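Structure first, commentary second.
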Amino acid sequence: MKRTLILVPALMALSGCGMQPMYAGGGSGEVARGLAQVQVSPIPGKAGWLMRNALNDRLGVAGSEGATARYRLDVRLDDSLQGLGLINDDTIGRERRTLRARYQLVDTTDGSVLLDASAGSDAGIDVVSSEYATIAAEQTALENLTREVADRIVTRLSLALRESE
């Protein structure tokens, strides 16, 4: 009984806080419909190809390339690989891969920029004696970073689209 008396006021206070689920309505909700209307512009390079695919997967527009989109997402990437940590024989023992994205969400109806932001992440890579293993680790790091940065971009787009509607 005491537990119920404590729980009821707490639930009432929570319902009045103004918080709303972002993805209410699932695939037919406002945010999902807005994200499906975003067309990602081509991004140069291998990192750009990976980023564009990751964004299209998250936006839910992979099959609608020819459809007319209300929004356009322009992305510029900065991918860098930096050697860190020298070992005894003056060779690099560790690398850091950094991926930064500067992006703009443009309303195609009037050309206005709805969102101008950046996102990024980095990953550490151990440099081992096998060149193949090091190259594979660098590529895996790039793939993981593109997915992580794409998640951040889509989350920020979701917030911007939710605020605009």
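In the structure tokens, chains take letters A, B, ... by order of appearance, with residues numbered from 1 within each chain and ligands from 1 in the order shown.
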
Write out as number ranges by chain which residues come within 9 Å of Val75 of chain A when counting only C-alpha atoms, dropping same-chain ones fewer than 6 positions away.
A: 40-43, 48, 51-52, 101-105

Which polymer residues have any atom within 7 Å of an atom of Leu145 of chain A, counting only C-alpha atoms, with same-chain residues fewer than 2 positions away left out, as a PyMOL selection string?
chain A and resi 99+121-122+141-143+147-149

Next, dump the selected residues to file, keeping only C-alpha atoms, as a PDB file, in the first residue's frame.
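Output contents, as saved in result.pdb:
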ATOM      1  CA  LEU A  99      36.658  10.575 -38.543  1.00  0.00           C
ATOM      2  CA  SER A 121      34.730   9.916 -33.286  1.00  0.00           C
ATOM      3  CA  ASP A 122      38.110   8.264 -33.070  1.00  0.00           C
ATOM      4  CA  ALA A 141      38.239   1.007 -37.466  1.00  0.00           C
ATOM      5  CA  LEU A 142      37.022   3.079 -40.428  1.00  0.00           C
ATOM      6  CA  GLU A 143      33.918   0.913 -40.831  1.00  0.00           C
ATOM      7  CA  ARG A 147      28.608   3.579 -38.284  1.00  0.00           C
ATOM      8  CA  GLU A 148      29.128   5.479 -35.035  1.00  0.00           C
ATOM      9  CA  VAL A 149      29.240   8.904 -36.694  1.00  0.00           C
TER      10      VAL A 149
END

Near Leu81 of chain A, counting only C-alpha atoms, which residues have an atom at most 9 Å away, once you skip same-chain residues fewer than 2 positions from it, shown as a PyMOL selection string?
chain A and resi 79+83+95-99+138

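The shortest atom-to-atom distance to Arg58 of chain A, with only C-alpha atoms taken into account, belongs to A:Asp151 out of A:Asp151, A:Glu163, A:Asp126, A:Glu30.
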
Kindly indicate which residue among A:Gly124, A:Ala137, A:Asn144, A:Tyr132 lies nearest to Gly85 of chain A, using only C-alpha atoms for the distances.
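Answer, going by the shortest atom-to-atom distance: A:Gly124.
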
Pull the strand (DSSP E or B) assignments for segment 20-115 of chain A out of DSSP run on the backbone, and list those residues as a PyMOL selection string.
chain A and resi 38-40+71-86+92-107+113-115

Top pick for closest residue to Tyr71 of chain A, considering A:Leu50, A:Leu84, A:Ala133, A:Leu161 and counting only C-alpha atoms:
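Smallest separation from Tyr71 of chain A among the options: A:Leu161.
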
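Residue nearest Ala160 of chain A within the list A:Gly45, A:Gly34, A:Gly120, A:Gly93: A:Gly34 [criterion: smallest interatomic distance, only C-alpha atoms].
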
Considering only C-alpha atoms, state which residue in the set A:Ala54, A:Val128, A:Ala47, A:Leu59 is at the smallest distance from Arg33 of chain A.
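Ranked by minimum distance to Arg33 of chain A, first place goes to A:Leu59.
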
Could you please determine the separation between atom CA of Arg100 of chain A and atom CA of Leu86 of chain A in Å, to one decimal place?
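Pair atom CA of Arg100 of chain A / atom CA of Leu86 of chain A returns 25.1 Å.
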
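Checking A:Glu131, A:Ile92, A:Leu73, A:Gln139 one by one against Gly111 of chain A, counting only C-alpha atoms, you find the shortest gap at A:Leu73.
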
Please report, as number ranges by chain, each residue of segment 11-145 of chain A to which DSSP assigns alpha helix (DSSP H) when run on this structure's backbone.
A: 11-15, 30-36, 45-59, 131-145
